[in-house]
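Asks: What follows is a structure written as structure tokens; I'll ask about it next.
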Amino acid sequence: MAFKKTVNALVWTKGNETLKIETWGKDSFRVRSTLESEFTKNVWGLTEPLKAKGIAKIKIEKDGTASITNGKITATVNNNGVITYFKGKDEILKEYHASYDPSVNNESVCLKVINREYKGIIGGDYKLTVRFQPKDEEKIFGMGQYQFQYLDLKGCTLELAQRNSQISIPFAVSSMGYGFLWNNPSVGRVTFGKNITQWESQCIKEMDYWITAGDTPAEIVKNYTGVVGRAPVLSKDYLGFWQCKLRYRTQEEVLTVARKYKELGIHLDVIVIDFFHWIRQGDWGFDKEYWPDPKAMCDELHAMGTKVMVSVWPSVDRKSIHFNEMNSKGMLVRTERGTIQTYDFNGDCITFDATNPEARDFIWKVCKESYVKYGIDMFWLDNAEPDYAVYDYDNYRYQMGPALAVSNLYPKFYAQAFYDGWKKMGKKDPVSLLRCAWVGSQKYGTVLWNGDVSSTFECLRNSVVEGLNMGLAGIPWWTTDIGGFMYGNPKDPKFVELLERWFEFAVFSPILRLHGDRDPHDIPPLCKDPQQDYGGGYLYTGQPNEIWCYGEEAQRIMTNQIKLRESLKDYVSELMKEASKTGAPVMRTMFYEFPEDEKCWNLKDQYMFGDKYLVAPILQAGQFKRSVYLPDGKWENIHNHKLYTGGKSYEIDAPIELIPVFKRVPKDLKNEE
């Protein structure tokens, strides 16, 4: 066993293991371990050039221990290589080690459970498990998006893998005053248990994580986004109302909808053309039978001040015009066994390999020729996980390596392909809509949405939590399908109520976007041949999904909500600038703004929209009032302008046309409730 100092780093070696703790940004360390002769050159999520790595203070003691300090954070290492982290003098995180080291744990040392456990894969790399001791009082947040109701992730087990509606961004914010990034895109699992915190990777060359200390969640998120990247400034052009449905089948359908919104005096910032406007998956272009003049369509929409977004999928049908070339040039995902098919929704498809730079260039060049030249402004990069027919990650291989080792990176590369393409054309503000992301995806103009969720109040409740944890994971641009994506029927009063409540919540989210596949599917296809399985006219479409499709009262409510959003655009624009500068979320947990208020650490059904607005969505059917906790200060109900003194909860009316929203006001105002 030996310690040594290098430039701003402490290195420990014992047997075949080398451990390196180095300063990496403000109050932060990058921590790596390997059983090989040297570390890889992979940076994974830590992509940003550091203005200052920090100046390390390193001590090697005579008793066989050592420490390294970078600002607020200190790491100590004992002679068994067990690390303990401190913020100032307070212990914030400690590795778990129950094997011949009674100084670390009170458990029996005979358990032989160690802090860093490598298990060799025959003929390959390693499976890795890293263990930490949890604290009973700790709360854990962030980590991206998972389909459940928990804002505090303590007690949860999370799969570190991408799926439709699941977004793995392995960065956790702790109430103990630290942030922790598992800096590796391998498939794995994390357990935030009461008895142990355990990070696992199924295929890895070395351990790699990053840890930072901060006095507030805002400081932690700022440190984190400083090393992984921040979103560019989102233009005000995108901060109003987006109209979408599954699916507009012709350019005339798109124009008819846009013209009616114009007649109603409602400005559309964006209108979205969803999937199967093409002939086959992988063609990446309009079916001319139903989209005869896309340039004229775009010109008319642009004259209305509306941006045009079109859906692109990563799946390539064997009968696509591009399949043979992409297959022969190695641009497609490979399978380890069995058929080479990876996706089977309406086609026999293989997924393009976004980890391959040549494949990224290829798909951009095709889309540039097929869409951009007509005036398409934005791309909806759907199925960005990518979606697989079966999520057998051990059966897929990319140019970069086996899916088990790298697949969580896929959506980030997918976004980068289009961001880089737009930038080369001189576009200042590329924006893409994706269903998935990884660490740093925000750098590439990525708007995330929470996937194909069901049209239920349960999914609405989950959506609030998802948006808040996504913000803490570094993603400020986030949205939902208003009303949920699946199973909503416009003729069902219960669904209409859900849609109205969801819309009212979405006004106070980063992007206001109406989308969904509405039931029933009884609209006949456009193509005349019932056996036809290709082309822009063969696939089903959902019922209409515009605001006038849900009755006069619903239209009135949504119209007023759109006007409210329009009145907030300047404010939201300032939040987008702040997000670009500091990484601050647009949707913020209560404790993000009020970390000193213990009650705010337990609230998951209300949140802050920026630093000024407190939002309390209605998350139950038939609910027309709710309890709202107001932190210390003075607050104004934006609907009736009543003033309230904070520091306690109030029962607030919530008629069907609005949800409780409060604005911070100066303390010298009177006439309090």
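Each chain in the structure tokens gets a letter, A, B, ..., in the order shown, and its residues are numbered from 1; ligands are numbered from 1 in order too.
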With 12 Å as the cut-off and only C-alpha atoms counted, what is the closest atom pair between each nearby residue of range 297-393 of chain A and range 520-533 of chain A? Distances in Å to one decimal, ordered by chain and number, as a tab-separated table.

Replies:
```
residue	atom	partner	partner_atom	distance
A:Asp317	CA	A:Asp533	CA	11.9
A:Lys319	CA	A:Asp533	CA	11.4
A:Phe345	CA	A:Asp533	CA	11.4
A:Asn346	CA	A:Asp533	CA	7.6
A:Gly347	CA	A:Asp533	CA	8.3
A:Asp348	CA	A:Asp533	CA	11.3
```

Asks: If we count only C-alpha atoms, what is near range 485-501 of chain A at a cut-off of 6 Å, once residues fewer than 4 positions away on the same chain are taken out, given as a list of chain:residue names?

Replies: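 Everything that qualifies: A:Asp452, A:Val453, A:Ser454, A:Ser455, A:Asp481, A:Gly516, A:Asp517, A:Arg518, A:Asp519, A:Tyr550.
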
Asks: Restricted to all heavy atoms, what would the selected residues look like written as a compact mmCIF listing (two decimals), in the first residue's frame?

Replies:
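Writing done, so here's result-v3.txt:
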```
# COMPACT_ATOMS: atom_id res chain seq x y z
N ASP A 452 -44.34 8.52 -23.35
CA ASP A 452 -45.70 8.12 -23.70
C ASP A 452 -46.46 7.65 -22.46
O ASP A 452 -46.75 6.45 -22.29
CB ASP A 452 -45.66 7.01 -24.75
CG ASP A 452 -45.03 7.48 -26.06
OD1 ASP A 452 -44.93 8.70 -26.26
OD2 ASP A 452 -44.63 6.62 -26.86
N VAL A 453 -46.78 8.59 -21.60
CA VAL A 453 -47.46 8.26 -20.35
C VAL A 453 -48.97 8.21 -20.57
O VAL A 453 -49.50 8.76 -21.53
CB VAL A 453 -47.09 9.27 -19.24
CG1 VAL A 453 -45.59 9.30 -19.02
CG2 VAL A 453 -47.60 10.68 -19.57
N SER A 454 -49.64 7.57 -19.66
CA SER A 454 -51.09 7.39 -19.78
C SER A 454 -51.84 8.64 -19.33
O SER A 454 -51.33 9.48 -18.60
CB SER A 454 -51.53 6.19 -18.93
OG SER A 454 -50.97 5.00 -19.42
N SER A 455 -53.08 8.71 -19.78
CA SER A 455 -53.94 9.85 -19.46
C SER A 455 -54.68 9.57 -18.15
O SER A 455 -55.86 9.23 -18.13
CB SER A 455 -54.93 10.09 -20.60
OG SER A 455 -54.24 10.43 -21.78
N ASP A 481 -46.68 15.66 -22.48
CA ASP A 481 -47.85 15.64 -23.34
C ASP A 481 -49.04 16.06 -22.48
O ASP A 481 -49.46 15.32 -21.59
CB ASP A 481 -48.11 14.22 -23.88
CG ASP A 481 -47.01 13.73 -24.80
OD1 ASP A 481 -46.18 14.54 -25.24
OD2 ASP A 481 -46.98 12.52 -25.06
N GLY A 516 -51.05 14.27 -27.84
CA GLY A 516 -51.64 13.04 -27.35
C GLY A 516 -52.25 12.22 -28.48
O GLY A 516 -52.56 12.73 -29.56
N ASP A 517 -52.39 10.94 -28.20
CA ASP A 517 -53.06 10.00 -29.10
C ASP A 517 -54.45 9.77 -28.54
O ASP A 517 -54.63 8.99 -27.61
CB ASP A 517 -52.26 8.69 -29.16
CG ASP A 517 -52.91 7.66 -30.07
OD1 ASP A 517 -53.81 8.04 -30.85
OD2 ASP A 517 -52.52 6.48 -30.00
N ARG A 518 -55.44 10.43 -29.13
CA ARG A 518 -56.78 10.43 -28.55
C ARG A 518 -57.64 9.30 -29.12
O ARG A 518 -57.63 9.02 -30.32
CB ARG A 518 -57.45 11.79 -28.79
CG ARG A 518 -56.64 12.97 -28.23
CD ARG A 518 -56.45 12.86 -26.74
NE ARG A 518 -55.60 13.93 -26.20
CZ ARG A 518 -54.59 13.74 -25.39
NH1 ARG A 518 -54.28 12.54 -24.97
NH2 ARG A 518 -53.88 14.76 -24.95
N ASP A 519 -58.40 8.69 -28.22
CA ASP A 519 -59.29 7.59 -28.58
C ASP A 519 -60.65 8.14 -29.06
O ASP A 519 -61.02 9.27 -28.75
CB ASP A 519 -59.52 6.71 -27.34
CG ASP A 519 -58.30 5.88 -26.99
OD1 ASP A 519 -57.42 5.74 -27.85
OD2 ASP A 519 -58.23 5.40 -25.85
N TYR A 550 -62.78 19.93 -27.27
CA TYR A 550 -63.14 19.40 -25.96
C TYR A 550 -64.33 20.13 -25.33
O TYR A 550 -64.57 20.00 -24.13
CB TYR A 550 -61.92 19.49 -25.03
CG TYR A 550 -60.80 18.61 -25.49
CD1 TYR A 550 -59.77 19.10 -26.29
CD2 TYR A 550 -60.77 17.26 -25.17
CE1 TYR A 550 -58.75 18.28 -26.74
CE2 TYR A 550 -59.75 16.42 -25.61
CZ TYR A 550 -58.75 16.94 -26.40
OH TYR A 550 -57.74 16.12 -26.85
```

Asks: List every residue of range 611-645 of chain A that DSSP, applied to the backbone of this structure, assigns to strand (DSSP E or B), and report them as an MDAnalysis selection string.

Replies: chainID A and resid 613:615 625:630 634:637 643:645

Asks: Within 7 Å of range 365-386 of chain A, which residues of range 274-323 of chain A show up? Give each one with its shortest atom-to-atom distance in Å (one decimal) and the two atoms involved, counting only C-alpha atoms, rows by chain then rising residue number, as a Markdown table.

Replies:
```
| residue | atom | partner | partner_atom | distance |
| --- | --- | --- | --- | --- |
| A:Trp284 | CA | A:Cys367 | CA | 6.2 |
| A:Gly285 | CA | A:Ser370 | CA | 5.0 |
| A:Pro294 | CA | A:Tyr374 | CA | 6.0 |
| A:Lys295 | CA | A:Tyr374 | CA | 4.3 |
| A:Cys298 | CA | A:Gly375 | CA | 5.6 |
| A:Lys307 | CA | A:Asp377 | CA | 5.9 |
| A:Val308 | CA | A:Asp377 | CA | 5.3 |
| A:Met309 | CA | A:Met378 | CA | 4.5 |
| A:Val310 | CA | A:Phe379 | CA | 5.1 |
| A:Ser311 | CA | A:Trp380 | CA | 4.4 |
| A:Val312 | CA | A:Leu381 | CA | 5.1 |
| A:Trp313 | CA | A:Asp382 | CA | 5.4 |
| A:Pro314 | CA | A:Asn383 | CA | 6.9 |
```

Asks: Could you save the residues just selected, with N, CA and C atoms, as an mmCIF file, in the first residue's frame?

Replies:
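As written to disk, part36.cif reads:
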```cif
data_model
loop_
_atom_site.group_PDB
_atom_site.id
_atom_site.type_symbol
_atom_site.label_atom_id
_atom_site.label_comp_id
_atom_site.auth_asym_id
_atom_site.auth_seq_id
_atom_site.Cartn_x
_atom_site.Cartn_y
_atom_site.Cartn_z
ATOM 1 N N TRP A 284 -36.726 9.261 -44.018
ATOM 2 C CA TRP A 284 -36.515 10.629 -43.529
ATOM 3 C C TRP A 284 -36.875 11.664 -44.599
ATOM 4 N N GLY A 285 -38.157 11.664 -44.924
ATOM 5 C CA GLY A 285 -38.655 12.628 -45.897
ATOM 6 C C GLY A 285 -40.160 12.503 -46.034
ATOM 7 N N PRO A 294 -44.274 20.995 -49.274
ATOM 8 C CA PRO A 294 -43.939 21.378 -47.898
ATOM 9 C C PRO A 294 -43.353 22.781 -47.778
ATOM 10 N N LYS A 295 -42.719 23.270 -48.830
ATOM 11 C CA LYS A 295 -42.185 24.632 -48.754
ATOM 12 C C LYS A 295 -43.313 25.654 -48.654
ATOM 13 N N CYS A 298 -44.647 25.539 -45.142
ATOM 14 C CA CYS A 298 -43.774 26.228 -44.190
ATOM 15 C C CYS A 298 -43.838 27.735 -44.378
ATOM 16 N N LYS A 307 -43.231 28.369 -35.906
ATOM 17 C CA LYS A 307 -42.142 27.473 -36.261
ATOM 18 C C LYS A 307 -42.722 26.095 -36.587
ATOM 19 N N VAL A 308 -42.010 25.349 -37.427
ATOM 20 C CA VAL A 308 -42.489 24.040 -37.858
ATOM 21 C C VAL A 308 -41.493 22.973 -37.405
ATOM 22 N N MET A 309 -42.006 21.998 -36.658
ATOM 23 C CA MET A 309 -41.201 20.876 -36.172
ATOM 24 C C MET A 309 -41.679 19.598 -36.842
ATOM 25 N N VAL A 310 -40.729 18.724 -37.198
ATOM 26 C CA VAL A 310 -41.092 17.471 -37.837
ATOM 27 C C VAL A 310 -40.414 16.315 -37.110
ATOM 28 N N SER A 311 -41.111 15.182 -37.028
ATOM 29 C CA SER A 311 -40.632 14.011 -36.311
ATOM 30 C C SER A 311 -39.627 13.226 -37.142
ATOM 31 N N VAL A 312 -38.555 12.797 -36.473
ATOM 32 C CA VAL A 312 -37.544 11.921 -37.064
ATOM 33 C C VAL A 312 -37.345 10.744 -36.113
ATOM 34 N N TRP A 313 -37.348 9.552 -36.659
ATOM 35 C CA TRP A 313 -37.090 8.359 -35.859
ATOM 36 C C TRP A 313 -35.731 7.772 -36.219
ATOM 37 N N PRO A 314 -35.086 7.062 -35.265
ATOM 38 C CA PRO A 314 -33.786 6.463 -35.558
ATOM 39 C C PRO A 314 -33.873 5.080 -36.201
#
```

Asks: Hey, could you make a per-residue contact list for range 440-479 of chain A against range 408-432 of chain A with 10 Å as the cut-off, showing the nearest pair of atoms and its distance in Å to one decimal, counting only C-alpha atoms, sorted by chain and number, as a Markdown table?

Replies:
```
| residue | atom | partner | partner_atom | distance |
| --- | --- | --- | --- | --- |
| A:Gly440 | CA | A:Lys412 | CA | 7.5 |
| A:Ser441 | CA | A:Lys412 | CA | 5.1 |
| A:Gln442 | CA | A:Lys412 | CA | 8.6 |
| A:Lys443 | CA | A:Gln416 | CA | 8.6 |
| A:Tyr444 | CA | A:Tyr419 | CA | 5.6 |
| A:Gly445 | CA | A:Val431 | CA | 4.7 |
| A:Thr446 | CA | A:Ser432 | CA | 5.2 |
| A:Val447 | CA | A:Ser432 | CA | 6.0 |
| A:Leu448 | CA | A:Ser432 | CA | 8.6 |
```

Asks: Report as a CSV table (one decimal) with N, CA, C and O atoms, in the first residue's frame all protein, DNA and RNA residues lying within 12 Å of Val7 in chain A, evaluated on only C-alpha atoms, omitting residues in the same chain fewer than 6 positions from it.

Replies:
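Okay, selection_3.csv is ready:
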```csv
chain,number,residue,atom,x,y,z
A,20,LYS,N,-7.4,7.2,-7.7
A,20,LYS,CA,-7.0,8.6,-7.9
A,20,LYS,C,-8.1,9.6,-7.6
A,20,LYS,O,-9.2,9.4,-8.1
A,21,ILE,N,-7.8,10.5,-6.7
A,21,ILE,CA,-8.8,11.5,-6.3
A,21,ILE,C,-8.2,12.9,-6.7
A,21,ILE,O,-7.1,13.3,-6.2
A,22,GLU,N,-8.8,13.6,-7.6
A,22,GLU,CA,-8.2,14.8,-8.2
A,22,GLU,C,-9.2,15.9,-8.1
A,22,GLU,O,-10.5,15.7,-8.3
A,23,THR,N,-8.7,17.1,-8.0
A,23,THR,CA,-9.6,18.3,-8.0
A,23,THR,C,-10.2,18.4,-9.4
A,23,THR,O,-9.5,18.2,-10.4
A,24,TRP,N,-11.5,18.7,-9.4
A,24,TRP,CA,-12.2,18.8,-10.7
A,24,TRP,C,-13.3,19.8,-10.7
A,24,TRP,O,-14.5,19.5,-10.5
A,53,LYS,N,-9.3,24.0,-12.0
A,53,LYS,CA,-9.5,22.7,-11.4
A,53,LYS,C,-9.6,22.8,-9.9
A,53,LYS,O,-10.1,21.9,-9.2
A,54,GLY,N,-9.1,23.8,-9.3
A,54,GLY,CA,-9.0,23.9,-7.8
A,54,GLY,C,-7.6,23.6,-7.4
A,54,GLY,O,-6.8,22.9,-8.1
A,55,ILE,N,-7.2,24.1,-6.3
A,55,ILE,CA,-5.9,23.9,-5.8
A,55,ILE,C,-6.0,22.9,-4.6
A,55,ILE,O,-6.6,23.2,-3.6
A,56,ALA,N,-5.3,21.7,-4.7
A,56,ALA,CA,-5.4,20.7,-3.7
A,56,ALA,C,-4.5,21.0,-2.6
A,56,ALA,O,-3.4,21.4,-2.7
A,57,LYS,N,-5.0,20.7,-1.4
A,57,LYS,CA,-4.2,20.6,-0.2
A,57,LYS,C,-4.1,19.1,0.2
A,57,LYS,O,-5.1,18.5,0.6
A,58,ILE,N,-2.9,18.5,0.1
A,58,ILE,CA,-2.8,17.1,0.3
A,58,ILE,C,-1.9,16.8,1.5
A,58,ILE,O,-0.8,17.4,1.7
A,68,ILE,N,-7.1,14.9,1.0
A,68,ILE,CA,-7.0,15.9,0.0
A,68,ILE,C,-8.2,16.8,0.1
A,68,ILE,O,-9.3,16.4,0.4
```

Asks: Using only C-alpha atoms, which protein or nucleic acid residues come within 10 Å of range 462-469 of chain A? Drop anything in the same chain fewer than 5 positions from it, and give the result as a ChimeraX atom specification.

Replies: /A:140-153,166-167,169,171-173,448-450,453,456-457,474-481,484,502,505-506,509-510,585-590,592,604-608,617,619

Asks: Let's have the selection written as a short mmCIF file (atom, residue, chain, number, x, y, z; two decimals), in the first residue's frame, with N, CA and C atoms.

Replies:
```
data_model
loop_
_atom_site.label_atom_id
_atom_site.label_comp_id
_atom_site.auth_asym_id
_atom_site.auth_seq_id
_atom_site.Cartn_x
_atom_site.Cartn_y
_atom_site.Cartn_z
N ILE A 140 -32.50 12.25 -0.94
CA ILE A 140 -31.77 12.20 -2.20
C ILE A 140 -32.72 12.55 -3.34
N PHE A 141 -32.24 13.40 -4.25
CA PHE A 141 -33.08 13.90 -5.34
C PHE A 141 -32.29 13.89 -6.65
N GLY A 142 -33.01 14.11 -7.76
CA GLY A 142 -32.37 14.19 -9.07
C GLY A 142 -32.49 12.88 -9.83
N MET A 143 -31.41 12.47 -10.48
CA MET A 143 -31.27 11.17 -11.17
C MET A 143 -32.07 11.07 -12.46
N GLY A 144 -32.67 12.16 -12.92
CA GLY A 144 -33.42 12.09 -14.17
C GLY A 144 -34.88 11.82 -13.92
N GLN A 145 -35.45 10.89 -14.68
CA GLN A 145 -36.90 10.70 -14.69
C GLN A 145 -37.27 9.23 -14.59
N TYR A 146 -38.06 8.92 -13.58
CA TYR A 146 -38.54 7.55 -13.38
C TYR A 146 -40.05 7.60 -13.13
N GLN A 147 -40.73 6.58 -13.57
CA GLN A 147 -42.19 6.59 -13.54
C GLN A 147 -42.73 6.13 -12.19
N PHE A 148 -42.58 7.02 -11.20
CA PHE A 148 -43.21 6.79 -9.91
C PHE A 148 -43.40 8.13 -9.22
N GLN A 149 -43.97 8.09 -8.03
CA GLN A 149 -44.44 9.29 -7.35
C GLN A 149 -43.40 9.91 -6.43
N TYR A 150 -42.19 9.36 -6.34
CA TYR A 150 -41.25 9.77 -5.30
C TYR A 150 -40.34 10.89 -5.77
N LEU A 151 -40.38 12.00 -5.05
CA LEU A 151 -39.41 13.06 -5.27
C LEU A 151 -38.13 12.74 -4.52
N ASP A 152 -38.26 12.39 -3.24
CA ASP A 152 -37.13 11.90 -2.44
C ASP A 152 -36.90 10.45 -2.81
N LEU A 153 -35.70 10.15 -3.30
CA LEU A 153 -35.39 8.82 -3.81
C LEU A 153 -34.82 7.88 -2.75
N GLN A 166 -38.45 6.63 -19.33
CA GLN A 166 -37.44 6.56 -18.27
C GLN A 166 -36.15 7.19 -18.78
N ILE A 167 -35.63 8.17 -18.05
CA ILE A 167 -34.44 8.89 -18.47
C ILE A 167 -33.41 8.81 -17.35
N ILE A 169 -30.21 9.83 -15.76
CA ILE A 169 -29.15 10.84 -15.67
C ILE A 169 -28.58 10.71 -14.26
N PHE A 171 -27.10 11.68 -11.67
CA PHE A 171 -26.60 12.72 -10.77
C PHE A 171 -27.59 12.91 -9.65
N ALA A 172 -27.11 12.76 -8.41
CA ALA A 172 -27.97 12.86 -7.22
C ALA A 172 -27.59 14.08 -6.40
N VAL A 173 -28.60 14.78 -5.90
CA VAL A 173 -28.42 15.90 -4.98
C VAL A 173 -28.85 15.44 -3.59
N LEU A 448 -36.63 18.00 -23.33
CA LEU A 448 -37.06 16.65 -22.94
C LEU A 448 -38.55 16.63 -22.65
N TRP A 449 -39.20 15.53 -23.04
CA TRP A 449 -40.55 15.32 -22.51
C TRP A 449 -40.62 13.96 -21.86
N ASN A 450 -41.65 13.76 -21.06
CA ASN A 450 -41.63 12.60 -20.16
C ASN A 450 -42.22 11.34 -20.76
N VAL A 453 -46.78 8.59 -21.60
CA VAL A 453 -47.46 8.26 -20.35
C VAL A 453 -48.97 8.21 -20.57
N THR A 456 -53.95 9.75 -17.04
CA THR A 456 -54.51 9.52 -15.72
C THR A 456 -53.99 10.58 -14.76
N PHE A 457 -54.71 10.78 -13.68
CA PHE A 457 -54.22 11.69 -12.66
C PHE A 457 -52.96 11.15 -11.99
N GLY A 474 -29.92 18.64 -14.07
CA GLY A 474 -29.26 19.51 -15.03
C GLY A 474 -30.04 19.82 -16.28
N ILE A 475 -31.29 19.33 -16.40
CA ILE A 475 -32.10 19.53 -17.61
C ILE A 475 -33.14 20.62 -17.34
N PRO A 476 -32.93 21.85 -17.82
CA PRO A 476 -33.91 22.92 -17.56
C PRO A 476 -35.06 22.94 -18.56
N TRP A 477 -34.86 22.39 -19.77
CA TRP A 477 -35.91 22.40 -20.79
C TRP A 477 -36.65 21.08 -20.75
N TRP A 478 -37.88 21.10 -20.24
CA TRP A 478 -38.62 19.86 -20.02
C TRP A 478 -40.09 20.14 -20.24
N THR A 479 -40.83 19.13 -20.71
CA THR A 479 -42.25 19.31 -20.97
C THR A 479 -42.96 17.97 -20.87
N THR A 480 -44.28 17.99 -21.05
CA THR A 480 -45.09 16.78 -21.03
C THR A 480 -46.07 16.81 -22.19
N ASP A 481 -46.68 15.66 -22.48
CA ASP A 481 -47.85 15.64 -23.34
C ASP A 481 -49.04 16.06 -22.48
N GLY A 484 -51.58 13.68 -21.02
CA GLY A 484 -51.04 12.33 -21.18
C GLY A 484 -51.13 11.90 -22.63
N TRP A 502 -54.19 19.37 -16.33
CA TRP A 502 -52.83 19.17 -16.85
C TRP A 502 -52.37 20.44 -17.57
N PHE A 505 -51.32 23.12 -15.15
CA PHE A 505 -49.98 22.83 -14.65
C PHE A 505 -48.92 23.16 -15.70
N ALA A 506 -49.16 22.78 -16.96
CA ALA A 506 -48.15 22.94 -18.01
C ALA A 506 -47.84 24.39 -18.32
N SER A 509 -44.67 25.26 -16.64
CA SER A 509 -43.56 24.37 -16.92
C SER A 509 -42.72 25.01 -18.01
N PRO A 510 -41.52 24.52 -18.28
CA PRO A 510 -40.66 25.20 -19.25
C PRO A 510 -41.26 25.34 -20.64
N PRO A 585 -32.66 25.24 -12.52
CA PRO A 585 -33.87 24.73 -13.17
C PRO A 585 -34.90 25.83 -13.36
N VAL A 586 -35.80 25.62 -14.30
CA VAL A 586 -36.95 26.51 -14.45
C VAL A 586 -38.03 26.09 -13.46
N MET A 587 -38.35 24.79 -13.44
CA MET A 587 -39.20 24.22 -12.39
C MET A 587 -38.28 23.84 -11.23
N ARG A 588 -38.57 24.35 -10.03
CA ARG A 588 -37.67 24.16 -8.91
C ARG A 588 -38.40 23.56 -7.71
N THR A 589 -37.75 22.60 -7.08
CA THR A 589 -38.30 22.09 -5.84
C THR A 589 -38.40 23.23 -4.82
N MET A 590 -39.29 23.08 -3.88
CA MET A 590 -39.43 24.11 -2.85
C MET A 590 -38.13 24.30 -2.08
N TYR A 592 -35.17 23.96 -3.15
CA TYR A 592 -34.15 24.64 -3.96
C TYR A 592 -34.16 26.13 -3.66
N LYS A 604 -43.73 17.64 -2.32
CA LYS A 604 -43.56 17.15 -3.69
C LYS A 604 -44.74 17.52 -4.59
N ASP A 605 -45.79 18.13 -4.04
CA ASP A 605 -46.97 18.44 -4.85
C ASP A 605 -47.14 19.94 -5.07
N GLN A 606 -46.12 20.71 -4.78
CA GLN A 606 -46.07 22.12 -5.14
C GLN A 606 -44.61 22.46 -5.42
N TYR A 607 -44.38 23.54 -6.13
CA TYR A 607 -43.02 23.84 -6.56
C TYR A 607 -42.91 25.32 -6.89
N MET A 608 -41.69 25.75 -7.13
CA MET A 608 -41.43 27.11 -7.57
C MET A 608 -41.18 27.13 -9.07
N PRO A 617 -50.36 22.67 -8.29
CA PRO A 617 -51.29 22.05 -9.25
C PRO A 617 -52.34 21.18 -8.56
N LEU A 619 -54.07 17.74 -8.51
CA LEU A 619 -53.59 16.43 -8.92
C LEU A 619 -54.56 15.31 -8.61
#
```

Asks: I need the residues of range 178-344 of chain A that end up classed as alpha helix (DSSP H) by DSSP on the backbone, written out as a PyMOL selection string.

Replies: chain A and resi 217-228+251-263+294-303+323-328

Asks: Which residues are close to Thr76 in chain A, i.e. within 12 Å by only C-alpha atoms, leaving aside same-chain residues fewer than 2 positions away? Reply as a PyMOL selection string.

Replies: chain A and resi 3+10-12+21+57-61+64-70+73-74+78-87+89+91-95

Asks: Find the residues around range 207-221 of chain A up to 6 Å (only C-alpha atoms counted), leave out those fewer than 5 positions away in its own chain, and share them as a PyMOL selection string.

Replies: chain A and resi 27-33+73+177-183+592

Asks: Please provide the set of residues having any atom within 7 Å of range 43-48 of chain A, restricted to only C-alpha atoms, with same-chain residues fewer than 6 positions apart removed, written as a compact mmCIF listing (two decimals) with N, CA and C atoms, in the first residue's frame.

Replies:
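Heads up, here's the output in part31.txt:
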```txt
# COMPACT_ATOMS: atom_id res chain seq x y z
N ASN A 183 -20.20 8.73 -13.15
CA ASN A 183 -19.72 9.21 -14.45
C ASN A 183 -19.38 8.06 -15.38
N ASN A 184 -20.40 7.31 -15.77
CA ASN A 184 -20.19 6.21 -16.69
C ASN A 184 -21.52 5.87 -17.35
N VAL A 227 -19.35 21.57 -14.89
CA VAL A 227 -18.41 20.57 -15.42
C VAL A 227 -19.03 19.67 -16.49
N VAL A 228 -20.37 19.62 -16.57
CA VAL A 228 -21.01 18.77 -17.59
C VAL A 228 -21.66 19.58 -18.71
N GLY A 229 -21.83 20.88 -18.51
CA GLY A 229 -22.40 21.72 -19.54
C GLY A 229 -23.78 22.24 -19.18
N VAL A 439 -26.23 12.67 -19.21
CA VAL A 439 -25.49 13.76 -18.58
C VAL A 439 -24.98 14.72 -19.65
N GLY A 440 -25.37 15.97 -19.57
CA GLY A 440 -24.89 16.99 -20.49
C GLY A 440 -25.70 17.15 -21.75
```

Asks: Would you mind telling me which residue in A:Arg626, A:Lys634, A:Lys577, A:His515 lies nearest to Pro655 in chain A when using only C-alpha atoms?

Replies: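 Closest candidate: A:Arg626.
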